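Containing compact mmCIF, C-alpha atoms: my_file_16.txt.
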```
# COMPACT_ATOMS: atom_id res chain seq x y z
CA MET A 1 15.80 -10.89 -40.28
CA MET A 2 14.32 -10.69 -36.83
CA ASN A 3 10.87 -11.96 -37.71
CA GLU A 4 11.53 -15.60 -36.93
CA THR A 5 8.94 -17.33 -34.83
CA ALA A 6 11.26 -17.60 -31.85
CA ASN A 7 10.73 -14.39 -29.97
CA ASN A 8 13.58 -12.38 -28.68
CA LYS A 9 13.76 -12.18 -24.95
CA THR A 10 14.20 -9.11 -22.90
CA ILE A 11 15.84 -10.24 -19.68
CA ILE A 12 15.94 -8.38 -16.42
CA ALA A 13 18.63 -10.32 -14.57
CA ARG A 14 18.60 -11.11 -10.86
CA LYS A 15 20.60 -8.14 -9.70
CA CYS A 16 19.01 -5.67 -12.07
CA LYS A 17 16.50 -3.10 -10.90
CA ILE A 18 14.33 -0.96 -13.13
CA VAL A 19 12.39 1.96 -11.78
CA GLY A 20 10.01 2.95 -14.53
CA GLU A 21 7.70 1.59 -17.15
CA ILE A 22 8.51 -1.19 -19.56
CA SER A 23 6.83 -1.68 -22.86
CA ALA A 24 7.92 -4.89 -24.55
CA ASN A 25 7.07 -6.44 -27.88
CA ASP A 26 9.43 -9.26 -27.06
CA ASP A 27 9.17 -11.96 -24.45
CA LEU A 28 9.98 -10.53 -21.07
CA LEU A 29 11.76 -12.38 -18.31
CA VAL A 30 11.94 -10.61 -14.98
CA TYR A 31 14.31 -12.21 -12.49
CA GLY A 32 15.25 -8.88 -10.98
CA GLU A 33 13.15 -6.07 -9.69
CA VAL A 34 10.77 -3.81 -11.58
CA LYS A 35 9.03 -0.87 -9.99
CA GLY A 36 6.57 0.39 -12.54
CA ASN A 37 3.96 -0.82 -14.95
CA VAL A 38 4.76 -3.48 -17.47
CA ASN A 39 3.12 -3.87 -20.83
CA CYS A 40 4.25 -6.99 -22.64
CA VAL A 41 2.69 -8.05 -25.93
CA ASN A 42 4.16 -11.53 -25.72
CA ASP A 43 4.89 -13.98 -22.94
CA MET A 44 6.17 -12.91 -19.59
CA VAL A 45 7.91 -14.77 -16.80
CA VAL A 46 8.23 -13.33 -13.32
CA GLY A 47 10.86 -14.89 -11.09
CA GLY A 48 11.73 -11.64 -9.39
CA SER A 49 9.36 -8.95 -8.28
CA VAL A 50 7.15 -6.49 -10.11
CA GLU A 51 5.57 -3.58 -8.29
CA GLY A 52 3.05 -2.25 -10.74
CA ASP A 53 0.36 -3.34 -13.10
CA VAL A 54 1.13 -6.10 -15.54
CA GLU A 55 -0.34 -6.66 -18.97
CA ALA A 56 0.84 -9.62 -20.99
CA ARG A 57 -0.27 -12.43 -23.25
CA GLU A 58 0.88 -15.38 -21.22
CA LEU A 59 2.08 -14.87 -17.68
CA ARG A 60 4.02 -17.26 -15.52
CA VAL A 61 4.82 -16.40 -11.93
CA HIS A 62 7.46 -18.76 -10.59
CA GLY A 63 7.36 -20.40 -7.22
CA LYS A 64 10.35 -21.11 -5.03
CA ALA A 65 10.92 -24.56 -6.47
CA GLU A 66 11.29 -23.31 -10.03
CA ASN A 67 13.37 -20.33 -9.14
CA ASN A 68 16.34 -21.14 -6.88
CA GLY A 69 14.43 -20.70 -3.66
CA LYS A 70 12.98 -17.29 -4.39
CA ALA A 71 9.38 -16.97 -5.45
CA GLY A 72 8.25 -14.49 -8.06
CA ALA A 73 5.90 -11.78 -6.89
CA ILE A 74 3.61 -9.22 -8.48
CA TYR A 75 2.19 -6.32 -6.48
CA GLY A 76 -0.39 -4.74 -8.72
CA GLN A 77 -3.18 -5.52 -11.11
CA VAL A 78 -2.72 -8.28 -13.61
CA ALA A 79 -4.47 -8.38 -16.97
CA VAL A 80 -3.38 -11.29 -19.15
CA ALA A 81 -4.74 -13.85 -21.59
CA ASN A 82 -3.54 -16.93 -19.72
CA CYS A 83 -1.74 -17.33 -16.47
CA ILE A 84 0.17 -19.93 -14.46
CA VAL A 85 0.92 -18.89 -10.91
CA ASN A 86 3.21 -20.64 -8.47
CA GLY A 87 4.39 -17.48 -6.79
CA LYS A 88 2.69 -14.51 -5.28
CA ILE A 89 0.23 -11.98 -6.69
CA GLU A 90 -1.13 -9.16 -4.57
CA GLY A 91 -3.75 -7.43 -6.66
CA ASP A 92 -6.70 -8.13 -8.86
CA CYS A 93 -6.29 -10.60 -11.70
CA HIS A 94 -8.19 -10.39 -14.95
CA ILE A 95 -7.54 -13.51 -16.98
CA GLU A 96 -9.29 -13.82 -20.31
CA GLY A 97 -8.61 -17.50 -20.69
CA ASP A 98 -7.26 -20.13 -18.36
CA MET A 99 -5.71 -19.64 -15.01
CA ILE A 100 -3.74 -22.33 -13.23
CA VAL A 101 -3.05 -21.73 -9.57
CA GLY A 102 -0.23 -24.00 -8.44
CA SER A 103 0.23 -25.55 -5.02
CA THR A 104 2.73 -22.93 -3.86
CA ALA A 105 0.73 -19.94 -5.12
CA ASP A 106 -0.24 -17.11 -2.81
CA LEU A 107 -2.96 -14.86 -4.19
CA ILE A 108 -4.56 -11.84 -2.58
CA GLY A 109 -7.23 -10.02 -4.54
CA GLU A 110 -10.14 -10.49 -6.85
CA ILE A 111 -9.84 -13.08 -9.58
CA ASN A 112 -11.76 -12.88 -12.84
CA ALA A 113 -10.94 -15.73 -15.15
CA GLY A 114 -12.37 -17.67 -18.06
CA SER A 115 -11.53 -20.92 -16.33
CA ILE A 116 -9.51 -21.79 -13.28
CA GLU A 117 -7.63 -24.74 -11.90
CA ILE A 118 -6.52 -24.60 -8.28
CA GLN A 119 -4.07 -27.14 -6.99
CA LYS A 120 -4.02 -28.40 -3.45
CA GLY A 121 -2.00 -26.18 -1.15
CA ALA A 122 -2.61 -22.84 -2.85
CA ALA A 123 -3.37 -19.85 -0.64
CA LEU A 124 -6.14 -17.57 -1.86
CA LYS A 125 -7.73 -14.52 -0.34
CA GLY A 126 -10.41 -12.64 -2.24
CA SER A 127 -13.32 -13.31 -4.50
CA LEU A 128 -13.49 -15.59 -7.49
CA ASN A 129 -15.46 -14.82 -10.58
CA ILE A 130 -15.17 -17.65 -13.09
CA ASN A 131 -17.08 -17.25 -16.28
CA ASN A 132 -16.31 -19.66 -19.06
CA GLN A 133 -18.84 -18.28 -21.53
CA GLY A 134 -15.89 -16.93 -23.45
CA MET B 1 21.56 -17.48 -37.24
CA LYS B 2 18.90 -15.26 -35.74
CA TRP B 3 21.34 -12.82 -34.18
CA ASN B 4 21.82 -10.77 -37.30
CA VAL B 5 22.59 -7.62 -35.44
CA ASN B 6 25.30 -9.39 -33.56
CA ASN B 7 26.66 -10.92 -36.71
CA LYS B 8 27.00 -7.50 -38.12
CA MET B 9 28.65 -6.42 -34.94
CA MET B 10 31.08 -9.29 -35.20
CA ASN B 11 31.91 -8.48 -38.80
CA ASN B 12 32.59 -4.92 -37.93
CA ILE B 13 34.75 -5.91 -35.03
CA ASN B 14 36.67 -8.25 -37.29
CA LYS B 15 37.05 -5.46 -39.78
CA ASN B 16 38.33 -3.22 -37.04
CA ARG B 17 40.77 -5.88 -36.09
CA GLN B 18 42.12 -6.03 -39.61
CA ASN B 19 42.46 -2.29 -39.66
CA LYS B 20 44.32 -2.52 -36.41
CA ASP B 21 46.71 -5.04 -37.93
CA LEU B 22 47.48 -2.62 -40.72
CA GLU B 23 47.94 0.10 -38.19
CA GLU B 24 50.31 -2.06 -36.26
CA ASP B 25 52.40 -2.66 -39.34
CA ALA B 26 52.49 1.02 -40.04
CA ALA B 27 53.48 1.72 -36.50
CA ALA B 28 56.20 -0.90 -36.60
CA LEU B 29 57.63 0.84 -39.63
CA ARG B 30 57.80 3.97 -37.58
CA THR B 31 59.82 1.92 -35.08
CA GLU B 32 58.17 3.47 -32.11
CA GLU B 33 57.97 0.70 -29.59
CA LYS B 34 55.62 2.55 -27.32
CA LEU B 35 53.08 3.09 -30.02
CA ASP B 36 53.33 -0.55 -30.94
CA GLU B 37 52.59 -1.62 -27.45
CA MET B 38 49.66 0.68 -27.13
CA LEU B 39 48.11 -0.45 -30.36
CA ALA B 40 48.52 -4.06 -29.39
CA ASN B 41 46.85 -3.45 -26.07
CA ASP B 42 43.84 -1.84 -27.54
CA ILE B 43 42.67 -4.40 -30.07
CA PRO B 44 39.10 -5.26 -29.12
CA VAL B 45 39.56 -9.00 -29.47
CA ASN B 46 38.15 -9.61 -26.03
CA ASP B 47 34.99 -7.83 -26.97
CA SER B 48 34.22 -10.19 -29.77
CA ASP B 49 34.99 -13.23 -27.65
CA GLU B 50 32.82 -12.00 -24.86
CA LEU B 51 30.08 -11.10 -27.26
CA MET B 52 30.24 -14.54 -28.80
CA ALA B 53 30.12 -16.17 -25.39
CA ALA B 54 27.12 -14.10 -24.46
CA ILE B 55 25.37 -14.93 -27.71
CA ASN B 56 26.04 -18.62 -27.21
CA ARG B 57 24.59 -18.46 -23.75
CA TYR B 58 21.37 -17.03 -25.13
CA GLU B 59 21.15 -19.42 -28.00
CA GLU B 60 21.48 -22.44 -25.76
CA GLY B 61 18.72 -21.00 -23.66
CA SER B 62 15.86 -21.55 -26.06
CA ASN B 63 14.31 -23.05 -22.97
CA LEU B 64 13.56 -19.96 -20.94
CA GLU B 65 14.87 -21.23 -17.67
CA THR B 66 18.65 -21.54 -18.04
CA PRO B 67 20.33 -19.88 -15.07
CA ALA B 68 23.00 -18.33 -17.30
CA GLU B 69 20.36 -16.04 -18.69
CA ARG B 70 19.87 -14.49 -15.32
CA GLU B 71 23.35 -12.98 -15.17
CA VAL B 72 23.08 -10.68 -18.16
CA SER B 73 20.18 -8.30 -18.55
CA VAL B 74 18.99 -7.79 -22.08
CA ILE B 75 16.69 -5.10 -23.39
CA GLU B 76 15.63 -6.50 -26.74
CA ALA B 77 15.02 -4.57 -29.94
CA LYS B 78 11.29 -4.18 -29.55
CA THR B 79 11.35 -3.25 -25.89
CA THR B 80 11.23 0.24 -24.45
CA VAL B 81 12.07 1.16 -20.87
CA TYR B 82 10.96 4.49 -19.48
CA GLY B 83 12.94 4.76 -16.28
CA ASN B 84 16.20 4.14 -14.57
CA ILE B 85 18.07 0.86 -14.51
CA GLU B 86 20.44 -0.26 -11.78
CA CYS B 87 22.20 -3.43 -12.63
CA GLU B 88 24.89 -5.63 -11.14
CA GLY B 89 26.35 -7.49 -14.06
CA ASP B 90 26.21 -6.72 -17.74
CA LEU B 91 23.50 -5.00 -19.69
CA HIS B 92 22.87 -5.49 -23.39
CA VAL B 93 20.66 -2.92 -25.04
CA LYS B 94 19.11 -3.44 -28.43
CA GLY B 95 15.95 -1.55 -27.75
CA VAL B 96 15.22 1.86 -26.32
CA ILE B 97 15.94 3.14 -22.82
CA ASN B 98 14.82 6.55 -21.67
CA GLY B 99 16.50 6.81 -18.31
CA ASP B 100 19.75 6.59 -16.47
CA LEU B 101 21.80 3.43 -16.37
CA ALA B 102 24.01 2.45 -13.47
CA VAL B 103 25.71 -0.81 -14.32
CA SER B 104 28.52 -2.50 -12.43
CA GLY B 105 29.69 -4.44 -15.47
CA LYS B 106 29.70 -3.75 -19.15
CA VAL B 107 27.04 -1.99 -21.16
CA MET B 108 26.79 -3.11 -24.76
CA SER B 109 24.37 -1.10 -26.77
CA GLY B 110 23.16 -1.31 -30.30
CA GLY B 111 20.00 0.56 -29.46
CA LYS B 112 18.91 3.98 -28.41
CA THR B 113 19.62 5.29 -24.96
CA ASN B 114 18.73 8.57 -23.43
CA GLY B 115 20.15 9.52 -20.07
CA THR B 116 23.32 9.10 -18.10
CA ILE B 117 25.32 5.91 -18.36
CA GLU B 118 27.62 4.89 -15.54
CA ALA B 119 29.38 1.60 -16.05
CA GLU B 120 32.66 -0.21 -15.85
CA SER B 121 32.94 -0.22 -19.61
CA VAL B 122 30.70 0.71 -22.48
CA VAL B 123 30.58 -0.57 -26.03
CA LEU B 124 28.29 1.24 -28.42
CA HIS B 125 27.77 -0.30 -31.80
CA ASP B 126 25.38 1.30 -34.25
CA ALA B 127 23.93 2.88 -31.16
CA LYS B 128 22.63 6.32 -30.39
CA HIS B 129 23.09 7.82 -26.99
CA GLU B 130 22.05 11.17 -25.62
CA GLY B 131 23.50 12.04 -22.26
CA ASP B 132 26.75 11.75 -20.43
CA ILE B 133 28.75 8.56 -20.20
CA ARG B 134 31.03 7.87 -17.27
CA CYS B 135 33.17 4.80 -17.34
CA ALA B 136 35.68 3.36 -14.90
CA LYS B 137 37.46 1.64 -17.76
CA GLU B 138 36.96 1.82 -21.48
CA ILE B 139 34.44 3.30 -23.84
CA THR B 140 34.31 2.01 -27.39
CA LEU B 141 32.26 3.71 -30.04
CA GLY B 142 32.56 0.78 -32.34
CA SER B 143 31.14 1.94 -35.64
CA GLU B 144 30.87 5.05 -37.75
CA VAL B 145 27.13 5.04 -37.24
CA SER B 146 27.34 5.28 -33.45
CA VAL B 147 26.46 8.70 -32.12
CA VAL B 148 26.92 10.15 -28.66
CA VAL B 149 25.54 13.55 -27.75
CA GLY B 150 26.94 14.26 -24.33
CA ASN B 151 30.15 14.30 -22.40
CA ILE B 152 32.34 11.24 -22.16
CA THR B 153 34.58 10.46 -19.20
CA ALA B 154 36.63 7.29 -19.08
CA GLN B 155 39.95 5.66 -18.42
CA SER B 156 40.47 5.04 -22.12
CA VAL B 157 38.38 5.80 -25.16
CA ASN B 158 38.25 4.26 -28.60
CA LEU B 159 36.16 6.43 -30.90
CA LEU B 160 35.16 5.25 -34.33
CA GLY B 161 31.84 7.06 -34.31
CA LYS B 162 30.50 10.54 -33.76
CA VAL B 163 30.59 12.51 -30.54
CA LYS B 164 29.11 15.87 -29.76
CA GLY B 165 30.40 16.77 -26.35
CA ASN B 166 33.56 16.89 -24.36
CA VAL B 167 35.78 13.87 -24.08
CA SER B 168 38.01 13.52 -21.05
CA VAL B 169 40.23 10.51 -20.74
CA ASN B 170 42.70 9.52 -18.06
CA GLU B 171 44.82 7.42 -20.32
CA ARG B 172 44.56 6.89 -23.99
CA CYS B 173 42.17 8.36 -26.52
CA HIS B 174 42.05 6.76 -29.94
CA ILE B 175 40.12 8.48 -32.70
CA GLY B 176 39.44 6.50 -35.84
CA ALA B 177 39.50 7.69 -39.43
CA GLN B 178 35.72 7.94 -39.71
CA ALA B 179 35.23 9.56 -36.34
CA VAL B 180 33.77 12.99 -35.77
CA VAL B 181 34.31 14.79 -32.48
CA ILE B 182 32.68 18.14 -31.86
CA GLY B 183 33.90 19.21 -28.47
CA ASP B 184 37.01 19.44 -26.37
CA ILE B 185 39.28 16.50 -25.88
CA CYS B 186 41.37 16.10 -22.78
CA ALA B 187 43.65 13.07 -22.57
CA LYS B 188 47.03 11.85 -21.51
CA VAL B 189 47.76 10.19 -24.82
CA ILE B 190 45.90 10.85 -28.03
CA GLU B 191 45.99 9.01 -31.29
CA VAL B 192 44.15 10.27 -34.34
CA GLU B 193 43.85 8.42 -37.61
CA ALA B 194 44.01 10.34 -40.86
CA GLY B 195 40.51 11.38 -41.87
CA ALA B 196 39.07 12.06 -38.45
CA VAL B 197 37.13 15.27 -37.98
CA ILE B 198 37.77 17.14 -34.75
CA LYS B 199 36.31 20.49 -33.86
CA GLY B 200 37.34 21.70 -30.43
CA HIS B 201 40.26 22.17 -28.12
CA LEU B 202 42.82 19.51 -27.47
CA ASP B 203 44.47 19.25 -24.10
CA ILE B 204 47.03 16.49 -24.17
CA THR B 205 48.90 16.64 -20.91
CA GLN B 206 51.41 13.92 -20.47
CA ASP B 207 53.19 13.91 -17.19
CA ALA B 208 55.49 11.09 -18.17
CA ALA B 209 58.36 11.62 -20.61
CA VAL B 210 57.19 12.38 -24.12
CA GLU B 211 59.59 9.94 -25.70
```

Represent the structure from my file as structure tokens, please.
Amino acid sequence: MMNETANNKTIIARKCKIVGEISANDDLLVYGEVKGNVNCVNDMVVGGSVEGDVEARELRVHGKAENNGKAGAIYGQVAVANCIVNGKIEGDCHIEGDMIVGSTADLIGEINAGSIEIQKGAALKGSLNINNQG
Amino acid sequence: MKWNVNNKMMNNINKNRQNKDLEEDAAALRTEEKLDEMLANDIPVNDSDELMAAINRYEEGSNLETPAEREVSVIEAKTTVYGNIECEGDLHVKGVINGDLAVSGKVMSGGKTNGTIEAESVVLHDAKHEGDIRCAKEITLGSEVSVVVGNITAQSVNLLGKVKGNVSVNERCHIGAQAVVIGDICAKVIEVEAGAVIKGHLDITQDAAVE
């Protein structure tokens, strides 16, 4: 039935706007606009904008280059296992595992991460707390 | 294929198509040209083609980043949305939405929705909906299992499922053999298959000539 390893994907398309909470046990791709908290058990991709707190397993915030000239943005707290950011996050980030901050990333807020990689060109404002004890 | 739900949908649509063929034959026997025309116009062949196209688009996109995926919004089976959705383009619902939907294109639902739906056209298949539905074009309740509790307003309506609420249609209202309608029906043209259950007033006002 539906329990194949390939996860189903909930897709919020470019011109779609959701005002309210989302709770997803599928992969979640946001290319549109979400105003509200998002709780995603699986992987999440943000190419649009999310105004609200985000919980996910693996989070990817797209930069302009990956996303037809429009960077993904999150305005709110982020709590995820692993994270790759090329877009914008305004809010505190709690990353259990690895965080990769790409060259086009723009981060404002406190960052707590297990480990971090910051590429040349990234903009960061806030404190870093990197603790790779596990 | 992983899209079992859709397969089922397709089968049902195919089944409906076969039924329609039979209906057409029956209608031809009655030698009413008008009826023939209307039946022919209403066969949901396009739905299945569109559905197939949409499915293909998703299946190709096992890599997350195909642009085609960005045109259709999909609320998957294990996803719940608590809030309103405004959407330019199509929306496919397999999960649960508690909130109003305003969609410029087509809403295809096999999930549970709760709230008002406004869309160009709506296809509900094995879906449950509570709330009003307003459609610029067509509403299809595409299986006996589909349930709508709320009022339906549309250009044309094809009911094979259950409705509790008033149905008002500008053009043609087709009610299938397994359908149940509890509420008033207002339409220009109505067509009811033998076996349908209707409890409510009928108001069939046809300005054009009856013949």

*Identify, on the basis of all atoms listed in the file, every residue whose closest approach to Ile118 in chain A does not exceed 7 Å; exclude the query and any residue fewer than 6 positions from it along the same chain; express the result as a list of chain:residue names.*
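Skipping anything fewer than 6 positions along the chain leaves A:Ile100, A:Val101, A:Gly102.
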
Centre and edges of the range 113-131 of chain B box, axis-aligned, 4 Å extra per side, as AutoDock Vina command-line options:
```
--center_x 25.8 --center_y 5.7 --center_z -24.9 --size_x 22.2 --size_y 20.6 --size_z 26.7
```

*asked:* Would you pick out the contacts of range 15-29 of chain A at 7 Å or less, using only C-alpha atoms, so that residues sharing its chain but fewer than 2 positions from it are not included, and give the list as a PyMOL selection string?
replied: (chain A and resi 7-13+31-46) or (chain B and resi 76+78-88)

Identify, on the basis of all atoms listed in the file, every residue whose closest approach to Gly126 in chain A does not exceed 9 Å; exclude the query and any residue fewer than 5 positions from it along the same chain; express the result as a short mmCIF file (atom, residue, chain, number, x, y, z; two decimals) with C-alpha atoms, keeping the file's coordinate frame.
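Final output, saved to selection.cif:
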```cif
data_model
loop_
_atom_site.label_atom_id
_atom_site.label_comp_id
_atom_site.auth_asym_id
_atom_site.auth_seq_id
_atom_site.Cartn_x
_atom_site.Cartn_y
_atom_site.Cartn_z
CA ASP A 92 -6.70 -8.13 -8.86
CA LEU A 107 -2.96 -14.86 -4.19
CA ILE A 108 -4.56 -11.84 -2.58
CA GLY A 109 -7.23 -10.02 -4.54
CA GLU A 110 -10.14 -10.49 -6.85
CA ILE A 111 -9.84 -13.08 -9.58
#
```

*So how far away is CA of Glu51 in chain A from CA of Lys120 in chain A, in Å?*
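Between these atoms lies a distance of 27.0 Å.
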
_Of the listed residues A:His62, A:Asp53, A:Ala105, A:Ile95, that which approaches chain B most closely, counting only C-alpha atoms_ = A:His62

Pull out range 164-176 of chain B, keep N, CA and C atoms, and write it as a compact mmCIF listing (two decimals), in the first residue's frame.
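Output contents, as saved in result.txt:
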```txt
# COMPACT_ATOMS: atom_id res chain seq x y z
N LYS B 164 -26.03 15.80 1.93
CA LYS B 164 -27.03 16.29 2.86
C LYS B 164 -26.95 17.80 2.82
N GLY B 165 -27.89 18.38 2.13
CA GLY B 165 -27.85 19.83 1.93
C GLY B 165 -28.53 20.17 0.63
N ASN B 166 -28.68 21.44 0.40
CA ASN B 166 -29.37 21.86 -0.81
C ASN B 166 -28.41 21.89 -1.99
N VAL B 167 -28.96 21.54 -3.14
CA VAL B 167 -28.15 21.52 -4.35
C VAL B 167 -28.75 22.52 -5.33
N SER B 168 -28.03 23.55 -5.69
CA SER B 168 -28.57 24.45 -6.71
C SER B 168 -27.61 24.54 -7.88
N VAL B 169 -28.16 24.33 -9.05
CA VAL B 169 -27.37 24.15 -10.25
C VAL B 169 -27.91 25.05 -11.35
N ASN B 170 -27.03 25.73 -12.02
CA ASN B 170 -27.47 26.59 -13.12
C ASN B 170 -27.87 25.80 -14.35
N GLU B 171 -27.15 24.73 -14.57
CA GLU B 171 -27.42 23.98 -15.79
C GLU B 171 -27.97 22.60 -15.46
N ARG B 172 -27.08 21.63 -15.49
CA ARG B 172 -27.54 20.27 -15.48
C ARG B 172 -27.15 19.57 -14.18
N CYS B 173 -28.09 18.83 -13.63
CA CYS B 173 -27.83 18.08 -12.42
C CYS B 173 -28.05 16.60 -12.72
N HIS B 174 -27.00 15.83 -12.60
CA HIS B 174 -27.12 14.39 -12.85
C HIS B 174 -26.99 13.65 -11.52
N ILE B 175 -27.94 12.77 -11.26
CA ILE B 175 -27.92 12.03 -10.01
C ILE B 175 -27.86 10.54 -10.32
N GLY B 176 -26.80 9.91 -9.88
CA GLY B 176 -26.54 8.52 -10.22
C GLY B 176 -27.40 7.55 -9.41
```
